[in-house]
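Visitor: Dropping in coords_35.cif, which is mmCIF, C-alpha atoms:
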data_target
#
loop_
_atom_site.label_atom_id
_atom_site.label_comp_id
_atom_site.auth_asym_id
_atom_site.auth_seq_id
_atom_site.Cartn_x
_atom_site.Cartn_y
_atom_site.Cartn_z
CA MET V 916 0.00 0.00 0.00
CA ALA V 917 1.20 3.50 -0.74
CA LYS V 918 2.26 5.52 2.26
CA SER V 919 0.59 8.60 3.60
CA VAL V 920 2.79 11.66 4.09
CA PHE V 921 2.61 13.61 7.33
CA TYR V 922 3.89 17.17 6.92
CA HIS V 923 4.79 19.11 10.03
CA ALA V 924 6.97 21.95 11.22
CA GLY V 925 8.06 20.81 14.66
CA CYS V 926 5.48 22.82 16.59
CA PRO V 927 3.97 21.28 19.75
CA VAL V 928 0.63 20.71 18.01
CA CYS V 929 2.50 18.97 15.19
CA VAL V 930 4.48 16.67 17.47
CA SER V 931 1.40 15.63 19.41
CA ALA V 932 -0.55 14.92 16.22
CA GLU V 933 2.40 13.00 14.79
CA HIS V 934 2.42 10.64 17.76
CA ASP V 935 -1.32 10.11 17.46
CA ILE V 936 -1.22 9.46 13.73
CA ILE V 937 1.67 7.02 14.01
CA ASN V 938 -0.09 5.18 16.81
CA LEU V 939 -3.28 4.98 14.78
CA ILE V 940 -1.95 4.19 11.33
CA GLY V 941 1.43 2.61 12.02
CA ALA V 942 4.90 4.09 11.54
CA ASP V 943 5.52 1.92 8.48
CA LYS V 944 2.56 3.45 6.67
CA VAL V 945 3.45 7.11 7.17
CA GLU V 946 6.35 9.14 5.87
CA VAL V 947 7.04 12.03 8.24
CA VAL V 948 8.39 15.20 6.64
CA HIS V 949 9.53 18.17 8.71
CA ILE V 950 9.09 20.98 6.20
CA GLY V 951 10.52 23.48 8.65
CA GLU V 952 13.85 21.68 8.22
CA VAL V 953 13.48 20.05 4.80
CA ARG V 954 12.44 23.24 3.09
CA SER V 955 12.92 21.78 -0.37
CA ARG V 956 9.69 19.87 0.17
CA ILE V 957 7.51 22.90 0.98
CA GLU V 958 6.56 23.27 -2.68
CA GLU V 959 5.59 19.60 -2.88
CA ALA V 960 3.37 20.01 0.17
CA GLU V 961 1.68 23.09 -1.25
CA LYS V 962 1.06 21.34 -4.58
CA ALA V 963 -0.56 18.49 -2.66
CA GLY V 964 -2.95 21.05 -1.16
CA VAL V 965 -1.45 21.49 2.28
CA LYS V 966 -2.60 24.84 3.68
CA SER V 967 -1.38 24.44 7.25
CA VAL V 968 0.55 21.96 9.36
CA PRO V 969 0.25 19.38 10.69
CA ALA V 970 -1.39 17.76 7.68
CA LEU V 971 -1.67 14.23 6.40
CA VAL V 972 -1.81 13.54 2.67
CA THR V 973 -3.45 10.16 2.14
CA PRO V 974 -2.37 7.61 -0.49
CA ASN V 975 -5.27 8.71 -2.69
CA GLY V 976 -4.22 12.36 -2.49
CA ASN V 977 -6.70 13.75 -0.01
CA VAL V 978 -5.39 16.27 2.50
CA LEU V 979 -6.41 15.98 6.13
CA HIS V 980 -5.54 19.14 8.02
CA ILE V 981 -5.25 17.99 11.62
CA ASN V 982 -5.74 20.60 14.32
CA PHE V 983 -3.78 23.74 13.58
CA GLY V 984 -0.13 24.33 14.26
CA ALA V 985 1.00 26.86 11.69
CA SER V 986 -0.02 28.17 8.30
CA MET V 987 2.19 27.51 5.30
CA ALA V 988 2.94 31.25 5.28
CA ASP V 989 4.31 30.89 8.82
CA VAL V 990 6.39 27.89 7.78
CA LYS V 991 7.86 29.82 4.88
CA GLY V 992 8.58 32.72 7.23
CA MET R 249 -7.03 -2.07 21.46
CA ALA R 250 -9.55 0.58 22.39
CA LYS R 251 -11.36 2.14 19.48
CA SER R 252 -11.09 5.70 18.32
CA VAL R 253 -14.35 7.61 17.97
CA PHE R 254 -15.04 9.64 14.86
CA TYR R 255 -17.66 12.33 15.44
CA HIS R 256 -19.29 13.92 12.44
CA ALA R 257 -22.46 15.67 11.38
CA GLY R 258 -23.04 14.37 7.89
CA CYS R 259 -21.51 17.34 6.09
CA PRO R 260 -19.56 16.73 2.86
CA VAL R 261 -16.26 17.48 4.61
CA CYS R 262 -17.22 14.97 7.30
CA VAL R 263 -18.11 12.20 4.88
CA SER R 264 -14.90 12.62 2.92
CA ALA R 265 -12.79 12.59 6.09
CA GLU R 266 -14.70 9.56 7.38
CA HIS R 267 -13.78 7.57 4.28
CA ASP R 268 -10.13 8.59 4.60
CA ILE R 269 -9.93 7.76 8.30
CA ILE R 270 -11.58 4.36 7.84
CA ASN R 271 -9.25 3.56 4.95
CA LEU R 272 -6.23 4.57 7.03
CA ILE R 273 -7.10 3.11 10.41
CA GLY R 274 -9.54 0.33 9.56
CA ALA R 275 -13.30 0.23 10.09
CA ASP R 276 -12.96 -2.16 13.03
CA LYS R 277 -10.87 0.36 14.95
CA VAL R 278 -13.17 3.35 14.63
CA GLU R 279 -16.62 3.94 16.01
CA VAL R 280 -18.45 6.44 13.81
CA VAL R 281 -20.95 8.68 15.57
CA HIS R 282 -23.24 11.05 13.64
CA ILE R 283 -23.95 13.66 16.31
CA GLY R 284 -26.31 15.51 14.00
CA GLU R 285 -28.60 12.47 14.30
CA VAL R 286 -27.56 10.94 17.62
CA ARG R 287 -27.89 14.17 19.52
CA SER R 288 -27.69 12.46 22.89
CA ARG R 289 -23.96 12.07 22.27
CA ILE R 290 -23.21 15.77 21.65
CA GLU R 291 -22.46 16.29 25.34
CA GLU R 292 -20.07 13.32 25.36
CA ALA R 293 -18.25 14.77 22.35
CA GLU R 294 -17.94 18.19 23.97
CA LYS R 295 -16.62 16.67 27.18
CA ALA R 296 -14.00 14.83 25.13
CA GLY R 297 -12.87 18.21 23.80
CA VAL R 298 -14.48 18.21 20.37
CA LYS R 299 -14.82 21.81 19.16
CA SER R 300 -15.80 21.13 15.57
CA VAL R 301 -16.59 18.21 13.31
CA PRO R 302 -15.26 16.05 11.83
CA ALA R 303 -13.07 15.07 14.78
CA LEU R 304 -11.37 11.89 15.85
CA VAL R 305 -10.92 11.11 19.54
CA THR R 306 -8.02 8.67 19.90
CA PRO R 307 -7.95 5.77 22.39
CA ASN R 308 -5.72 7.86 24.68
CA GLY R 309 -8.17 10.74 24.66
CA ASN R 310 -6.50 13.16 22.29
CA VAL R 311 -8.76 15.05 19.91
CA LEU R 312 -7.76 15.41 16.28
CA HIS R 313 -9.86 18.03 14.54
CA ILE R 314 -9.71 17.06 10.90
CA ASN R 315 -10.34 19.77 8.33
CA PHE R 316 -13.40 21.79 9.22
CA GLY R 317 -17.00 20.88 8.55
CA ALA R 318 -19.02 22.59 11.23
CA SER R 319 -18.59 24.02 14.70
CA MET R 320 -20.30 22.37 17.65
CA ALA R 321 -22.48 25.48 17.84
CA ASP R 322 -23.64 24.78 14.29
CA VAL R 323 -24.32 21.15 15.15
CA LYS R 324 -26.42 22.15 18.13
CA GLY R 325 -28.30 24.64 15.92
#
Kindly return the structure encoded in the file as structure tokens.
Guide:
Amino acid sequence: MAKSVFYHAGCPVCVSAEHDIINLIGADKVEVVHIGEVRSRIEEAEKAGVKSVPALVTPNGNVLHINFGASMADVKG
Amino acid sequence: MAKSVFYHAGCPVCVSAEHDIINLIGADKVEVVHIGEVRSRIEEAEKAGVKSVPALVTPNGNVLHINFGASMADVKG
């Protein structure tokens, strides 16, 4: 099965949601991307439809914005 | 393992998120509660910390607000 991608920026809300998502879905089914650090992947996240972090992009391309940590504008700084 | 509880109110955002969550976590691990119809469970959802729907309450009690369909005030009408 294709993996989901969890985009986050290291904020407390992000870290908490990351733990929950990994517990629920399984670490082997989620790629975790810290777009605050791996800035080269910000564009990829935006193209996928990520408006804020934390967000989970499912294997079929849907974006689940989970709680609210930071907007993409904040991430880009 | 304890189940997560997915609260929703039948809105399009809710239905889409429900499909994604069930695909990701598995239908046997999520109880789906339509609080627009089962209004007796609105209070339970609020006590769990649900501020808007759709929302997933994890087995350890964390609330993941997923996208935004409707506020609890809207659900209560």
Visitor: Residues near Lys962 (chain V), anyone? I mean within 12 Å using only C-alpha atoms, not counting same-chain ones fewer than 4 positions away, as a list in words.
Guide: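 Residues meeting the cut-off are Arg956, Ile957, Glu958, Lys966, Val972, Gly976, Asn977, Val978 and Met987 of chain V.
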Visitor: Looking at R:Gly284, R:Val301, R:Ala250, R:Ile314, which one is nearest to Asp268 (chain R), with distances taken over all atoms listed in the file?
Guide: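 Ranked by minimum distance to Asp268 (chain R), first place goes to R:Ile314.
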Visitor: Quick one: superpose chain V onto chain R using all C-alpha atoms paired in order, least squares, and give it to me as a CSV table (one decimal) with C-alpha atoms, keeping the file's coordinate frame.
Guide:
chain,number,residue,atom,x,y,z
V,916,MET,CA,-7.0,-2.1,21.5
V,917,ALA,CA,-9.5,0.6,22.4
V,918,LYS,CA,-11.4,2.1,19.5
V,919,SER,CA,-11.1,5.7,18.3
V,920,VAL,CA,-14.4,7.6,18.0
V,921,PHE,CA,-15.0,9.6,14.9
V,922,TYR,CA,-17.7,12.3,15.4
V,923,HIS,CA,-19.3,13.9,12.4
V,924,ALA,CA,-22.5,15.7,11.4
V,925,GLY,CA,-23.0,14.4,7.9
V,926,CYS,CA,-21.5,17.4,6.1
V,927,PRO,CA,-19.6,16.7,2.9
V,928,VAL,CA,-16.3,17.5,4.6
V,929,CYS,CA,-17.2,15.0,7.3
V,930,VAL,CA,-18.1,12.2,4.9
V,931,SER,CA,-14.9,12.6,2.9
V,932,ALA,CA,-12.8,12.6,6.1
V,933,GLU,CA,-14.7,9.6,7.4
V,934,HIS,CA,-13.8,7.6,4.3
V,935,ASP,CA,-10.2,8.6,4.6
V,936,ILE,CA,-9.9,7.8,8.3
V,937,ILE,CA,-11.6,4.4,7.8
V,938,ASN,CA,-9.3,3.6,5.0
V,939,LEU,CA,-6.2,4.6,7.0
V,940,ILE,CA,-7.1,3.1,10.4
V,941,GLY,CA,-9.5,0.3,9.6
V,942,ALA,CA,-13.3,0.2,10.1
V,943,ASP,CA,-13.0,-2.1,13.0
V,944,LYS,CA,-10.8,0.4,15.0
V,945,VAL,CA,-13.2,3.4,14.7
V,946,GLU,CA,-16.6,4.0,16.0
V,947,VAL,CA,-18.5,6.4,13.8
V,948,VAL,CA,-21.0,8.7,15.6
V,949,HIS,CA,-23.2,11.0,13.7
V,950,ILE,CA,-23.9,13.7,16.3
V,951,GLY,CA,-26.3,15.5,14.0
V,952,GLU,CA,-28.6,12.5,14.3
V,953,VAL,CA,-27.6,10.9,17.6
V,954,ARG,CA,-27.9,14.2,19.5
V,955,SER,CA,-27.7,12.5,22.9
V,956,ARG,CA,-24.0,12.1,22.3
V,957,ILE,CA,-23.2,15.8,21.6
V,958,GLU,CA,-22.5,16.3,25.3
V,959,GLU,CA,-20.1,13.3,25.3
V,960,ALA,CA,-18.2,14.8,22.3
V,961,GLU,CA,-17.9,18.2,23.9
V,962,LYS,CA,-16.6,16.7,27.2
V,963,ALA,CA,-14.0,14.8,25.1
V,964,GLY,CA,-12.9,18.2,23.8
V,965,VAL,CA,-14.5,18.2,20.4
V,966,LYS,CA,-14.8,21.8,19.2
V,967,SER,CA,-15.8,21.1,15.6
V,968,VAL,CA,-16.6,18.2,13.3
V,969,PRO,CA,-15.3,16.0,11.8
V,970,ALA,CA,-13.1,15.1,14.8
V,971,LEU,CA,-11.4,11.9,15.9
V,972,VAL,CA,-10.9,11.1,19.6
V,973,THR,CA,-8.0,8.7,19.9
V,974,PRO,CA,-7.9,5.8,22.4
V,975,ASN,CA,-5.7,7.8,24.7
V,976,GLY,CA,-8.2,10.7,24.7
V,977,ASN,CA,-6.5,13.2,22.3
V,978,VAL,CA,-8.8,15.1,19.9
V,979,LEU,CA,-7.8,15.4,16.3
V,980,HIS,CA,-9.9,18.0,14.6
V,981,ILE,CA,-9.7,17.1,10.9
V,982,ASN,CA,-10.3,19.8,8.3
V,983,PHE,CA,-13.4,21.8,9.2
V,984,GLY,CA,-17.0,20.9,8.5
V,985,ALA,CA,-19.0,22.6,11.2
V,986,SER,CA,-18.6,24.0,14.7
V,987,MET,CA,-20.3,22.4,17.6
V,988,ALA,CA,-22.5,25.5,17.9
V,989,ASP,CA,-23.6,24.8,14.3
V,990,VAL,CA,-24.3,21.1,15.1
V,991,LYS,CA,-26.4,22.1,18.1
V,992,GLY,CA,-28.3,24.6,15.9
Visitor: Give me, as a list in words, all polymer residues having an atom no more than 10 Å from Asn271 (chain R), counting only C-alpha atoms and skipping those fewer than 4 positions away in the same chain.
Guide: Ile940, Thr973 and Pro974 of chain V; Ala265, Glu266, His267 and Ala275 of chain R
Visitor: Would you save the residues from that selection as an mmCIF file, keeping the file's coordinate frame, using C-alpha atoms?
Guide:
data_model
loop_
_atom_site.group_PDB
_atom_site.id
_atom_site.type_symbol
_atom_site.label_atom_id
_atom_site.label_comp_id
_atom_site.auth_asym_id
_atom_site.auth_seq_id
_atom_site.Cartn_x
_atom_site.Cartn_y
_atom_site.Cartn_z
ATOM 1 C CA ILE V 940 -1.950 4.190 11.330
ATOM 2 C CA THR V 973 -3.450 10.160 2.140
ATOM 3 C CA PRO V 974 -2.370 7.610 -0.490
ATOM 4 C CA ALA R 265 -12.790 12.590 6.090
ATOM 5 C CA GLU R 266 -14.700 9.560 7.380
ATOM 6 C CA HIS R 267 -13.780 7.570 4.280
ATOM 7 C CA ALA R 275 -13.300 0.230 10.090
#
Visitor: With a distance cut-off of 12 Å and all atoms listed in the file, select the neighbouring residues of Gly992 (chain V), excluding the residue or stretch itself and same-chain residues fewer than 6 positions from it, and output the selection as a VMD selection string.
Guide: chain V and resid 924 950 to 951 954 957 985 to 986
Visitor: If the PyMOL selection byres ((chain V and resi 930) around 12) is run on the structure shown, which residues does it catch, given as JSON, numbers by chain?
Guide: {"V": [921, 922, 923, 924, 925, 926, 927, 928, 929, 931, 932, 933, 934, 935, 936, 937, 947, 948, 949, 968, 969, 970, 981, 982, 983, 984]}
Visitor: For a test of reading the model, state the distance in Å between CA of Lys277 (chain R) and CA of Val323 (chain R), rounded to one decimal.
Guide: 24.8 Å
Visitor: Measuring between all atoms listed in the file, which one of V:Glu959, V:Asn975, V:Gly964, V:Glu952 shows the shortest distance to chain R?
Guide: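 For chain R, the nearest of the given residues is V:Asn975.
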Visitor: Counting all atoms listed in the file, which residue out of V:Val945, V:Val953, V:Leu939, V:Ala988 sits closest to Leu971 (chain V)?
Guide: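 Among the listed residues, the smallest separation from Leu971 (chain V) belongs to V:Val945.
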Visitor: Any idea what the distance is between CA of Ala293 (chain R) and CA of Asp322 (chain R)?
Guide: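 Taking CA of Ala293 (chain R) and CA of Asp322 (chain R), their separation equals 13.9 Å.
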Visitor: Quick one, how far is CA of Glu946 (chain V) from CA of Val920 (chain V)?
Guide: 4.7 Å
Visitor: Restricting the calculation to all atoms listed in the file: of R:His313, R:Ser300, R:Lys324, R:Lys251, which residue gets closest to chain V?
Guide: R:His313
